[in-house]
file start-v8.cif (mmCIF, C-alpha atoms)
data_model
#
loop_
_atom_site.label_atom_id
_atom_site.label_comp_id
_atom_site.auth_asym_id
_atom_site.auth_seq_id
_atom_site.Cartn_x
_atom_site.Cartn_y
_atom_site.Cartn_z
CA MET A 1 -66.30 62.93 -25.17
CA CYS A 2 -64.29 64.93 -22.63
CA ILE A 3 -67.40 65.38 -20.47
CA MET A 4 -68.04 61.64 -20.45
CA ARG A 5 -64.45 61.00 -19.46
CA LYS A 6 -64.72 63.46 -16.56
CA TYR A 7 -67.93 61.77 -15.37
CA LEU A 8 -66.23 58.39 -15.58
CA VAL A 9 -63.25 59.60 -13.52
CA ALA A 10 -65.60 61.13 -10.95
CA ILE A 11 -67.60 57.91 -10.64
CA ILE A 12 -64.45 55.79 -10.17
CA THR A 13 -63.14 58.24 -7.56
CA LEU A 14 -66.43 58.14 -5.64
CA MET A 15 -66.44 54.35 -5.76
CA CYS A 16 -62.91 54.24 -4.34
CA ILE A 17 -63.84 56.69 -1.57
CA ALA A 18 -67.01 54.77 -0.75
CA SER A 19 -65.17 51.46 -0.64
CA SER A 20 -62.58 52.92 1.75
CA VAL A 21 -65.25 54.39 4.07
CA SER A 22 -67.69 51.47 4.33
CA ALA A 23 -66.60 48.04 5.46
CA GLN A 24 -66.34 45.42 2.72
CA TYR A 25 -66.86 42.42 4.99
CA LYS A 26 -68.81 42.32 8.28
CA VAL A 27 -69.84 39.89 10.96
CA SER A 28 -71.57 40.62 14.28
CA SER A 29 -72.11 38.69 17.48
CA PRO A 30 -75.48 36.98 17.99
CA ASN A 31 -76.60 39.75 20.38
CA GLY A 32 -75.36 42.48 18.00
CA VAL A 33 -73.09 44.17 20.55
CA ILE A 34 -69.74 43.10 19.04
CA ARG A 35 -69.08 43.91 15.39
CA VAL A 36 -66.12 42.91 13.21
CA GLU A 37 -65.27 44.75 9.98
CA LEU A 38 -62.60 43.78 7.46
CA ASN A 39 -61.39 46.10 4.72
CA THR A 40 -58.96 45.60 1.86
CA ASN A 41 -56.64 48.58 1.56
CA ARG A 42 -55.67 49.34 -2.03
CA GLU A 43 -52.99 51.43 -3.73
CA GLN A 44 -52.35 52.64 -7.25
CA ARG A 45 -49.45 50.92 -9.00
CA TRP A 46 -47.88 52.73 -11.93
CA ILE A 47 -47.59 49.48 -13.88
CA ARG A 48 -51.26 48.63 -13.32
CA ARG A 49 -54.32 50.49 -14.56
CA PHE A 50 -56.42 49.74 -11.48
CA MET A 51 -56.02 49.80 -7.72
CA VAL A 52 -54.38 46.65 -6.33
CA PRO A 53 -54.70 45.15 -2.81
CA ARG A 54 -52.01 46.25 -0.34
CA SER A 55 -53.20 44.86 3.01
CA MET A 56 -56.31 43.89 4.97
CA THR A 57 -57.41 45.62 8.17
CA ILE A 58 -59.57 44.15 10.94
CA ARG A 59 -61.65 46.42 13.16
CA VAL A 60 -63.46 45.19 16.25
CA TYR A 61 -66.19 47.30 17.85
CA GLU A 62 -67.89 46.77 21.19
CA GLY A 63 -70.97 48.91 20.77
CA ARG A 64 -69.57 52.21 19.51
CA ARG A 65 -66.15 51.67 21.08
CA LEU A 66 -63.35 50.79 18.65
CA VAL A 67 -61.27 48.05 20.30
CA VAL A 68 -58.97 46.88 17.48
CA ASP A 69 -57.83 48.52 14.24
CA LYS A 70 -54.84 46.57 12.91
CA GLU A 71 -53.56 44.70 9.88
CA ILE A 72 -54.47 41.02 9.64
CA GLY A 73 -52.67 38.59 7.37
CA VAL A 74 -50.31 35.70 6.83
CA ASP A 75 -47.63 34.87 4.24
CA VAL A 76 -47.40 31.47 2.55
CA LYS A 77 -44.34 30.53 0.50
CA LEU A 78 -45.06 28.01 -2.25
CA HIS A 79 -42.67 26.89 -5.01
CA GLY A 80 -40.46 29.93 -4.49
CA HIS A 81 -43.33 32.46 -4.55
CA CYS A 82 -44.68 34.26 -1.49
CA TYR A 83 -48.45 34.76 -1.28
CA SER A 84 -49.66 37.34 1.24
CA PHE A 85 -53.24 37.30 2.48
CA GLY A 86 -54.50 40.84 2.07
CA LYS A 87 -52.38 41.47 -1.03
CA ILE A 88 -54.56 39.15 -3.13
CA ASP A 89 -58.17 39.77 -4.19
CA VAL A 90 -60.72 37.78 -2.20
CA ASP A 91 -62.39 35.13 -4.38
CA LEU A 92 -64.27 33.24 -1.65
CA ARG A 93 -66.78 34.75 0.78
CA GLN A 94 -69.20 32.91 3.01
CA SER A 95 -71.32 34.08 5.97
CA ASP A 96 -73.10 31.86 8.48
CA GLN A 97 -75.45 32.91 11.29
CA GLY A 98 -76.40 31.21 14.52
CA LEU A 99 -73.92 28.35 14.42
CA ILE A 100 -73.61 26.12 17.48
CA GLU A 101 -70.52 24.12 18.42
CA SER A 102 -70.49 21.50 21.14
CA ALA A 103 -68.32 22.32 24.13
CA GLU A 104 -66.51 18.96 23.87
CA ASN A 105 -65.26 19.56 20.31
CA ARG A 106 -64.06 23.11 20.74
CA ALA A 107 -60.40 24.16 20.76
CA ASN A 108 -59.01 25.14 24.16
CA ALA A 109 -58.62 28.77 23.08
CA LEU A 110 -62.41 28.99 22.45
CA ARG A 111 -63.60 27.50 25.74
CA ALA A 112 -64.01 30.94 27.34
CA PHE A 113 -66.85 31.64 24.88
CA SER A 114 -70.42 30.42 24.66
CA THR A 115 -71.26 27.81 22.02
CA THR A 116 -73.23 30.10 19.67
CA TYR A 117 -71.50 32.36 17.15
CA ASN A 118 -71.73 33.99 13.74
CA ARG A 119 -69.03 33.32 11.19
CA LEU A 120 -67.36 34.98 8.19
CA GLN A 121 -64.95 33.14 5.87
CA LEU A 122 -62.73 34.79 3.26
CA GLY A 123 -60.48 32.92 0.85
CA VAL A 124 -57.71 33.87 -1.58
CA LYS A 125 -55.59 31.90 -4.00
CA PRO A 126 -53.66 29.62 -3.78
CA GLY A 127 -55.74 28.35 -0.83
CA ILE A 128 -55.45 30.65 2.20
CA ILE A 129 -58.72 30.93 4.16
CA LEU A 130 -59.49 33.28 7.04
CA GLU A 131 -62.31 32.36 9.42
CA VAL A 132 -63.59 35.06 11.79
CA ARG A 133 -66.07 34.21 14.56
CA ALA A 134 -68.07 36.75 16.55
CA TYR A 135 -69.33 35.58 19.95
CA ASN A 136 -71.29 37.52 22.53
CA GLU A 137 -68.12 37.53 24.66
CA GLY A 138 -65.52 38.37 22.00
CA VAL A 139 -63.90 37.54 18.67
CA ALA A 140 -61.72 34.72 17.38
CA TYR A 141 -59.97 34.21 14.06
CA GLN A 142 -58.05 31.40 12.46
CA PHE A 143 -56.12 30.95 9.21
CA ARG A 144 -56.03 27.65 7.39
CA VAL A 145 -54.26 26.48 4.25
CA ALA A 146 -56.08 23.99 2.05
CA GLY A 147 -55.70 22.41 -1.37
CA ILE A 148 -51.98 23.07 -1.89
CA ASP A 149 -49.84 20.36 -3.45
CA GLY A 150 -46.30 19.84 -2.18
CA ASN A 151 -44.44 21.45 0.68
CA TYR A 152 -45.13 25.04 1.66
CA LYS A 153 -43.99 27.38 4.41
CA VAL A 154 -46.12 29.59 6.61
CA LEU A 155 -44.11 32.73 7.31
CA ARG A 156 -45.04 36.13 8.71
CA LEU A 157 -48.21 36.09 10.79
CA CYS A 158 -49.77 39.42 11.79
CA ALA A 159 -50.89 40.00 15.37
CA PRO A 160 -53.87 42.39 15.46
CA PHE A 161 -55.07 41.53 18.98
CA PRO A 162 -53.48 43.08 22.11
CA ASN A 163 -50.52 41.21 23.62
CA GLU A 164 -50.40 38.92 20.59
CA LYS A 165 -46.94 38.41 19.05
CA PRO A 166 -46.28 37.55 15.41
CA ILE A 167 -43.35 35.34 14.49
CA ALA A 168 -41.09 35.08 11.48
CA ILE A 169 -41.14 31.28 11.03
CA VAL A 170 -44.29 29.26 11.69
CA GLY A 171 -43.26 26.04 9.99
CA THR A 172 -43.09 23.87 6.88
CA PHE A 173 -46.17 21.79 6.07
CA ARG A 174 -47.68 19.46 3.52
CA GLY A 175 -51.39 19.06 2.88
CA ASP A 176 -54.13 21.01 4.66
CA HIS A 177 -53.15 22.79 7.84
CA LEU A 178 -54.93 24.77 10.56
CA LEU A 179 -53.12 27.56 12.35
CA PRO A 180 -54.03 28.16 16.02
CA TRP A 181 -56.98 30.29 17.03
CA SER A 182 -56.30 33.85 18.11
CA VAL A 183 -58.81 35.11 20.65
CA LEU A 184 -59.96 38.49 21.93
CA ASN A 185 -62.13 38.11 25.05
CA LEU A 186 -64.12 41.30 25.74
CA SER A 187 -66.11 40.23 28.78
CA SER A 188 -66.17 37.74 31.63
CA TYR A 189 -67.81 34.43 30.97
CA ASP A 190 -71.60 34.24 31.40
CA ASP A 191 -72.72 32.72 34.70
CA GLU A 192 -75.11 30.38 32.90
CA ALA A 193 -72.34 28.98 30.73
CA ASP A 194 -70.02 26.10 31.49
CA THR A 195 -69.01 26.61 35.13
CA SER A 196 -65.98 24.34 34.77
CA ILE A 197 -64.09 27.14 33.01
CA SER A 198 -61.65 28.66 35.45
CA ALA A 199 -60.87 32.36 35.69
CA SER A 200 -57.41 31.73 34.26
CA ASN A 201 -59.00 30.82 30.92
CA ILE A 202 -60.77 34.15 30.41
CA THR A 203 -57.84 36.53 30.37
CA PHE A 204 -57.67 39.45 27.93
CA PRO A 205 -56.82 38.04 25.46
CA THR A 206 -56.62 34.26 25.73
CA PRO A 207 -52.98 33.21 25.07
CA PRO A 208 -52.37 31.78 21.58
CA ASP A 209 -51.19 28.26 20.94
CA SER A 210 -47.54 28.16 21.99
CA THR A 211 -46.62 25.41 19.55
CA LEU A 212 -46.81 27.72 16.54
CA ARG A 213 -46.31 31.07 18.27
CA PRO A 214 -43.49 30.31 20.69
CA SER A 215 -43.36 33.79 22.25
CA THR A 216 -42.11 32.26 25.51
CA SER A 217 -40.19 29.32 24.07
CA PRO A 218 -36.46 28.95 24.83
CA PHE A 219 -33.77 29.99 22.38
CA ARG A 220 -33.81 27.09 19.92
CA LEU A 221 -32.16 26.09 16.66
CA VAL A 222 -34.45 26.27 13.64
CA SER A 223 -34.47 22.97 11.77
CA TRP A 224 -33.08 22.68 8.24
CA ARG A 225 -36.62 22.04 6.96
CA ASN A 226 -38.00 25.25 8.47
CA ALA A 227 -34.98 27.51 7.93
CA LEU A 228 -35.50 30.35 5.48
CA THR A 229 -33.54 32.24 2.84
CA SER A 230 -32.29 35.80 3.17
CA VAL A 231 -30.58 38.27 0.84
CA THR A 232 -28.75 41.36 2.12
CA LEU A 233 -26.84 44.27 0.62
CA GLY A 234 -24.25 46.17 2.60
CA ALA A 235 -20.91 47.93 2.90
CA SER A 236 -17.70 47.45 4.89
CA ILE A 237 -14.87 49.66 6.06
CA ASN A 238 -11.41 48.07 5.60
CA MET A 239 -8.45 49.02 7.81
CA TYR A 240 -4.89 47.76 7.23
CA HIS A 241 -2.10 47.16 9.68
CA GLY A 242 1.57 46.43 9.24
CA SER A 243 4.51 48.70 8.35
CA ALA A 244 5.57 47.18 5.01
CA TRP A 245 3.50 49.72 3.05
CA GLN A 246 3.62 53.08 4.77
CA HIS A 247 0.70 55.44 5.39
CA MET A 248 -2.00 53.15 4.02
CA ASN A 249 -5.50 54.57 3.68
CA THR A 250 -8.78 53.11 4.85
CA ASP A 251 -11.01 51.97 2.00
CA TYR A 252 -14.60 50.78 1.55
CA SER A 253 -16.16 47.78 -0.12
CA TYR A 254 -19.70 46.73 -1.01
CA ASN A 255 -21.14 43.26 -0.56
CA VAL A 256 -24.06 41.02 -1.49
CA ASN A 257 -24.88 38.09 0.80
CA LEU A 258 -27.12 35.05 0.40
CA THR A 259 -28.16 32.71 3.21
CA TYR A 260 -29.95 29.54 2.14
CA LYS A 261 -31.11 27.59 5.21
CA TYR A 262 -27.75 26.73 6.85
CA LEU A 263 -25.50 27.74 3.94
CA TYR A 264 -23.97 31.20 3.58
CA THR A 265 -22.14 32.81 0.67
CA GLY A 266 -21.31 36.34 -0.35
CA ILE A 267 -19.24 38.48 -2.70
CA SER A 268 -17.58 41.82 -2.04
CA PHE A 269 -16.10 44.46 -4.30
CA ALA A 270 -13.98 47.52 -3.53
CA PRO A 271 -13.92 50.03 -6.41
CA CYS A 272 -10.66 51.56 -7.56
CA ASN A 273 -9.36 54.04 -4.99
CA GLU A 274 -6.10 55.39 -3.62
CA ILE A 275 -4.65 53.01 -1.08
CA LEU A 276 -1.42 54.92 -0.32
CA PHE A 277 0.83 57.74 -1.53
CA VAL A 278 4.56 57.17 -1.95
CA HIS A 279 6.33 60.40 -0.98
CA PHE A 280 9.59 61.79 -2.35
CA GLN A 281 12.63 59.85 -1.14
CA HIS A 282 10.48 57.27 0.69
CA GLU A 283 11.17 54.22 -1.41
CA TYR A 284 10.27 50.78 -0.15
CA GLU A 285 9.46 47.39 -1.65
CA PRO A 286 7.73 46.85 -3.98
CA PHE A 287 7.54 50.56 -4.87
CA LEU A 288 11.21 51.28 -5.62
CA GLY A 289 11.75 54.23 -7.94
CA VAL A 290 8.10 55.19 -7.60
CA MET A 291 6.44 58.38 -6.43
CA GLY A 292 2.78 59.34 -6.36
CA SER A 293 -0.67 57.92 -5.77
CA ILE A 294 -1.03 54.12 -5.72
CA HIS A 295 -4.50 52.71 -6.47
CA GLN A 296 -6.11 49.33 -5.94
CA TRP A 297 -9.38 47.44 -6.30
CA LYS A 298 -10.46 44.24 -4.58
CA LEU A 299 -12.76 41.35 -5.35
CA GLY A 300 -13.63 38.92 -2.59
CA GLY A 301 -15.79 35.95 -1.70
CA ARG A 302 -17.26 34.44 1.48
CA LEU A 303 -18.36 30.93 2.34
CA GLY A 304 -19.67 29.72 5.67
CA LEU A 305 -22.19 27.90 7.83
CA SER A 306 -25.21 29.83 9.14
CA LEU A 307 -27.04 28.66 12.26
CA PRO A 308 -30.52 30.22 12.72
CA PHE A 309 -31.93 30.47 16.25
CA GLN A 310 -35.45 31.59 17.12
CA GLN A 311 -37.31 32.84 20.16
CA GLY A 312 -40.84 34.04 19.46
CA MET A 313 -40.83 36.49 16.57
CA GLU A 314 -37.06 37.01 16.75
CA VAL A 315 -34.65 35.06 14.55
CA TRP A 316 -30.86 35.31 14.89
CA ASN A 317 -28.38 33.88 12.40
CA PHE A 318 -24.83 33.28 13.67
CA THR A 319 -22.54 32.70 10.71
CA PRO A 320 -18.82 31.86 10.93
CA TYR A 321 -17.25 32.00 7.49
CA VAL A 322 -14.00 32.10 5.53
CA ALA A 323 -13.24 35.14 3.37
CA ALA A 324 -10.72 35.46 0.55
CA SER A 325 -9.83 38.47 -1.60
CA LEU A 326 -7.80 39.42 -4.65
CA MET A 327 -6.23 42.90 -4.54
CA ARG A 328 -4.91 44.48 -7.75
CA VAL A 329 -2.42 47.31 -7.14
CA ARG A 330 -1.24 49.81 -9.79
CA GLN A 331 -0.46 53.48 -10.39
CA HIS A 332 -2.65 55.74 -12.52
CA GLY A 333 -1.53 58.54 -14.82
CA ILE A 334 1.93 59.59 -16.00
CA PRO A 335 4.73 59.15 -13.43
CA ALA A 336 6.77 62.11 -12.24
CA ILE A 337 9.99 62.90 -14.12
CA GLY A 338 12.77 60.59 -12.99
CA TYR A 339 10.32 57.99 -11.63
CA HIS A 340 8.55 55.06 -13.21
CA LYS A 341 5.28 53.21 -12.79
CA PRO A 342 5.37 50.17 -10.54
CA GLU A 343 4.50 46.84 -12.01
CA ILE A 344 0.91 45.70 -11.53
CA HIS A 345 0.81 43.63 -8.36
CA ARG A 346 -1.76 41.04 -7.40
CA GLU A 347 -2.02 40.35 -3.71
CA TYR A 348 -4.05 37.57 -2.11
CA LEU A 349 -5.75 37.65 1.29
CA ILE A 350 -7.59 35.01 3.31
CA GLY A 351 -8.99 34.81 6.81
CA PRO A 352 -11.95 34.09 9.12
CA GLY A 353 -15.09 36.16 9.67
CA LEU A 354 -18.29 36.21 11.71
CA SER A 355 -21.70 37.59 10.77
CA ILE A 356 -24.65 38.11 13.15
CA GLN A 357 -28.01 38.62 11.45
CA PHE A 358 -31.20 39.74 13.19
CA THR A 359 -34.73 39.52 11.77
CA PHE A 360 -37.29 42.18 12.66
CA ALA A 361 -40.93 42.75 11.67
CA GLY A 362 -41.03 39.09 10.65
CA ARG A 363 -39.42 39.74 7.29
CA TYR A 364 -36.60 42.29 7.27
CA VAL A 365 -33.05 41.50 8.35
CA TRP A 366 -30.10 43.51 9.60
CA ALA A 367 -26.61 42.07 9.90
CA VAL A 368 -23.20 43.10 11.19
CA ASN A 369 -19.97 41.29 10.40
CA TYR A 370 -16.29 41.36 11.22
CA GLU A 371 -13.48 39.61 9.38
CA TYR A 372 -9.70 39.59 9.43
CA GLN A 373 -7.79 38.61 6.31
CA LEU A 374 -4.06 37.96 6.18
CA PHE A 375 -1.85 38.84 3.21
CA THR A 376 -0.34 35.63 1.87
CA GLN A 377 2.82 37.10 0.25
CA ARG A 378 6.01 38.80 1.42
CA LEU A 379 6.68 42.55 1.46
CA THR A 380 3.05 43.33 2.15
CA PRO A 381 1.02 44.58 5.12
CA LYS A 382 0.19 41.97 7.75
CA GLY A 383 -3.55 41.96 7.34
CA MET A 384 -6.84 43.76 6.85
CA HIS A 385 -9.61 44.32 9.39
CA SER A 386 -13.13 44.66 7.94
CA LEU A 387 -16.21 45.83 9.80
CA GLY A 388 -19.48 45.88 7.88
CA THR A 389 -23.25 46.02 8.02
CA SER A 390 -26.03 45.04 5.63
CA ILE A 391 -29.80 45.02 5.36
CA GLY A 392 -32.18 42.86 3.36
CA VAL A 393 -35.19 40.57 3.42
CA MET A 394 -35.96 37.04 4.59
CA PHE A 395 -38.29 34.85 2.57
#
call {"tool": "encode", "arguments": {"input": "start-v8.cif", "output": "structure tokens"}}
result
Amino acid sequence: MCIMRKYLVAIITLMCIASSVSAQYKVSSPNGVIRVELNTNREQRWIRRFMVPRSMTIRVYEGRRLVVDKEIGVDVKLHGHCYSFGKIDVDLRQSDQGLIESAENRANALRAFSTTYNRLQLGVKPGIILEVRAYNEGVAYQFRVAGIDGNYKVLRLCAPFPNEKPIAIVGTFRGDHLLPWSVLNLSSYDDEADTSISASNITFPTPPDSTLRPSTSPFRLVSWRNALTSVTLGASINMYHGSAWQHMNTDYSYNVNLTYKYLYTGISFAPCNEILFVHFQHEYEPFLGVMGSIHQWKLGGRLGLSLPFQQGMEVWNFTPYVAASLMRVRQHGIPAIGYHKPEIHREYLIGPGLSIQFTFAGRYVWAVNYEYQLFTQRLTPKGMHSLGTSIGVMF
């Protein structure tokens, strides 16, 4: 029984190695010079018994020369769930050889190629299809979404070809939708082909459609319909000013922030820590007859308006907000002889703040914020400066 188990493990290991070495999906140009290989990269998950898809890689060869070896994929958000091409098992595969497309019906991005090509199509649920075409002059690929009911968002879009830029927000759609062609032109256009094609159309690579990949578009406000959601976790350093409470310490707080389209909210919490120490014969309101370490904790909230701006793959969120906090002040332990514990004080703070959030790699976000809250009662410090940072994800 043990021998059979060892053989079984060895066979599975060899299958995994073989699948990682040889290409799972292939398509070549009609003349056989250009070859495209796509592989699903898998990883072992501790909660799963078998290897699960992690990403898909596209490799483009011109003869024996490796031209491209990058991740290819797109994310589609549907009913609150994000589906990533490459992280889902392929359930549709179709190959076609010797296809011919009329020059009049071709997309502008494909006009630098001849009309004959071979094609490979791969599909995953819920309806994301990748079409890869191999021409004698180069390679083109296109994603399309089909058969989805209701609104969906197309998010992160990989950029495997040179000089191609992915973006964080492609758009919100309903029904079937074609994304623009991405093109890799490996040679000049054949002299016998359409001579009306100018040299500007056969650059390396052909520029992608600027309507969905606005790498050169101006800084623009993302519409409410296309705006995304982000969640970040972070920390802030809090500094007090004002002479009412002497020798106040700096403290730290932790925060959770949620941005939904144009709406921003967050909560912050500062754990119990020493905020000041009242020294011998240094009495002052409200710590009369008190000596020793004074502790506090804070609970706060934020509410504001977030404005997302985009240029190419970069998304910036500028968020003015209002912050309010409750501070609870008390003394721990037994007071020194001849002194007493101060009463528990509750102080309230309120003030404006500003957060600037930046999206990188099409999905991850980093934010910095500053706020200034004023104490609302007498015999207190004037206010509290807070400077913080947070990281998270956009989806």
call {"tool": "closest_residue", "arguments": {"input": "start-v8.cif", "among": "A:Gly73, A:Gly138, A:Gly80, A:Gly147", "to": "A:Ser28", "atoms": "only C-alpha atoms"}}
result
A:Gly138
call {"tool": "resolve_selection", "arguments": {"input": "start-v8.cif", "expression": "the PyMOL selection byres ((chain A and resi 86) around 6)", "output": "ChimeraX atom specification"}}
result
/A:55-56,85,87-88
call {"tool": "resolve_selection", "arguments": {"input": "start-v8.cif", "expression": "the PyMOL selection byres ((chain A and resi 270) around 9)", "output": "count of residues only"}}
result
15
call {"tool": "resolve_selection", "arguments": {"input": "start-v8.cif", "expression": "the PyMOL selection byres ((chain A and resi 116-132) around 9)", "output": "NGL selection string"}}
result
:A and (25-30 or 36 or 73-74 or 76 or 78 or 83-86 or 88-101 or 113-115 or 133-136 or 139-148)
call {"tool": "closest_residue", "arguments": {"input": "start-v8.cif", "among": "A:Lys77, A:Lys341, A:His241, A:Arg346", "to": "A:Ser386", "atoms": "only C-alpha atoms"}}
result
A:His241
call {"tool": "closest_residue", "arguments": {"input": "start-v8.cif", "among": "A:Met327, A:Leu379, A:Val365, A:Leu307", "to": "A:Trp245", "atoms": "only C-alpha atoms"}}
result
A:Leu379
call {"tool": "atom_distance", "arguments": {"input": "start-v8.cif", "atom1": "atom CA of A:Pro381", "atom2": "atom CA of A:Glu285"}}
result
11.2 Å
call {"tool": "decode", "arguments": {"input": "start-v8.cif", "residues": "stretch 374-391 of chain A", "atoms": "N, CA, C and O atoms", "output": "tab-separated table (two decimals), in the first residue's frame"}}
result
chain	number	residue	atom	x	y	z
A	374	LEU	N	-9.91	70.12	17.15
A	374	LEU	CA	-9.95	71.05	18.26
A	374	LEU	C	-10.67	70.43	19.45
A	374	LEU	O	-11.69	69.75	19.28
A	375	PHE	N	-10.16	70.67	20.66
A	375	PHE	CA	-10.89	70.30	21.87
A	375	PHE	C	-12.07	71.25	22.02
A	375	PHE	O	-11.95	72.47	21.81
A	376	THR	N	-13.21	70.72	22.38
A	376	THR	CA	-14.44	71.52	22.44
A	376	THR	C	-14.73	72.07	23.83
A	376	THR	O	-15.66	72.86	23.97
A	377	GLN	N	-13.95	71.69	24.87
A	377	GLN	CA	-14.25	72.11	26.23
A	377	GLN	C	-13.14	72.99	26.79
A	377	GLN	O	-12.05	73.08	26.22
A	378	ARG	N	-13.42	73.60	27.93
A	378	ARG	CA	-12.45	74.47	28.59
A	378	ARG	C	-11.43	73.65	29.36
A	378	ARG	O	-11.61	72.48	29.62
A	379	LEU	N	-10.33	74.30	29.75
A	379	LEU	CA	-9.27	73.69	30.56
A	379	LEU	C	-8.71	72.44	29.89
A	379	LEU	O	-8.47	71.41	30.52
A	380	THR	N	-8.52	72.55	28.61
A	380	THR	CA	-7.97	71.44	27.83
A	380	THR	C	-6.89	71.99	26.90
A	380	THR	O	-6.77	73.20	26.72
A	381	PRO	N	-6.12	71.09	26.25
A	381	PRO	CA	-5.22	71.58	25.20
A	381	PRO	C	-6.04	72.23	24.08
A	381	PRO	O	-7.25	72.05	23.97
A	382	LYS	N	-5.34	72.95	23.20
A	382	LYS	CA	-6.04	73.62	22.10
A	382	LYS	C	-6.50	72.62	21.04
A	382	LYS	O	-7.61	72.72	20.53
A	383	GLY	N	-5.60	71.73	20.66
A	383	GLY	CA	-5.97	70.82	19.58
A	383	GLY	C	-4.99	69.67	19.43
A	383	GLY	O	-4.03	69.53	20.21
A	384	MET	N	-5.24	68.86	18.41
A	384	MET	CA	-4.44	67.67	18.16
A	384	MET	C	-4.15	67.57	16.66
A	384	MET	O	-5.05	67.55	15.84
A	385	HIS	N	-2.86	67.53	16.32
A	385	HIS	CA	-2.43	67.27	14.95
A	385	HIS	C	-2.30	65.76	14.77
A	385	HIS	O	-1.75	65.07	15.62
A	386	SER	N	-2.76	65.24	13.62
A	386	SER	CA	-2.62	63.82	13.32
A	386	SER	C	-2.07	63.67	11.90
A	386	SER	O	-2.59	64.28	10.96
A	387	LEU	N	-1.02	62.87	11.79
A	387	LEU	CA	-0.44	62.56	10.49
A	387	LEU	C	-0.39	61.05	10.36
A	387	LEU	O	0.17	60.36	11.23
A	388	GLY	N	-1.01	60.53	9.30
A	388	GLY	CA	-1.14	59.07	9.19
A	388	GLY	C	-0.90	58.55	7.79
A	388	GLY	O	-0.82	59.31	6.81
A	389	THR	N	-0.81	57.25	7.69
A	389	THR	CA	-0.66	56.56	6.41
A	389	THR	C	-1.40	55.23	6.49
A	389	THR	O	-1.62	54.70	7.59
A	390	SER	N	-1.78	54.71	5.34
A	390	SER	CA	-2.51	53.44	5.31
A	390	SER	C	-2.30	52.79	3.96
A	390	SER	O	-1.96	53.44	2.97
A	391	ILE	N	-2.48	51.47	3.92
A	391	ILE	CA	-2.38	50.71	2.69
A	391	ILE	C	-3.59	49.80	2.59
A	391	ILE	O	-4.21	49.46	3.60
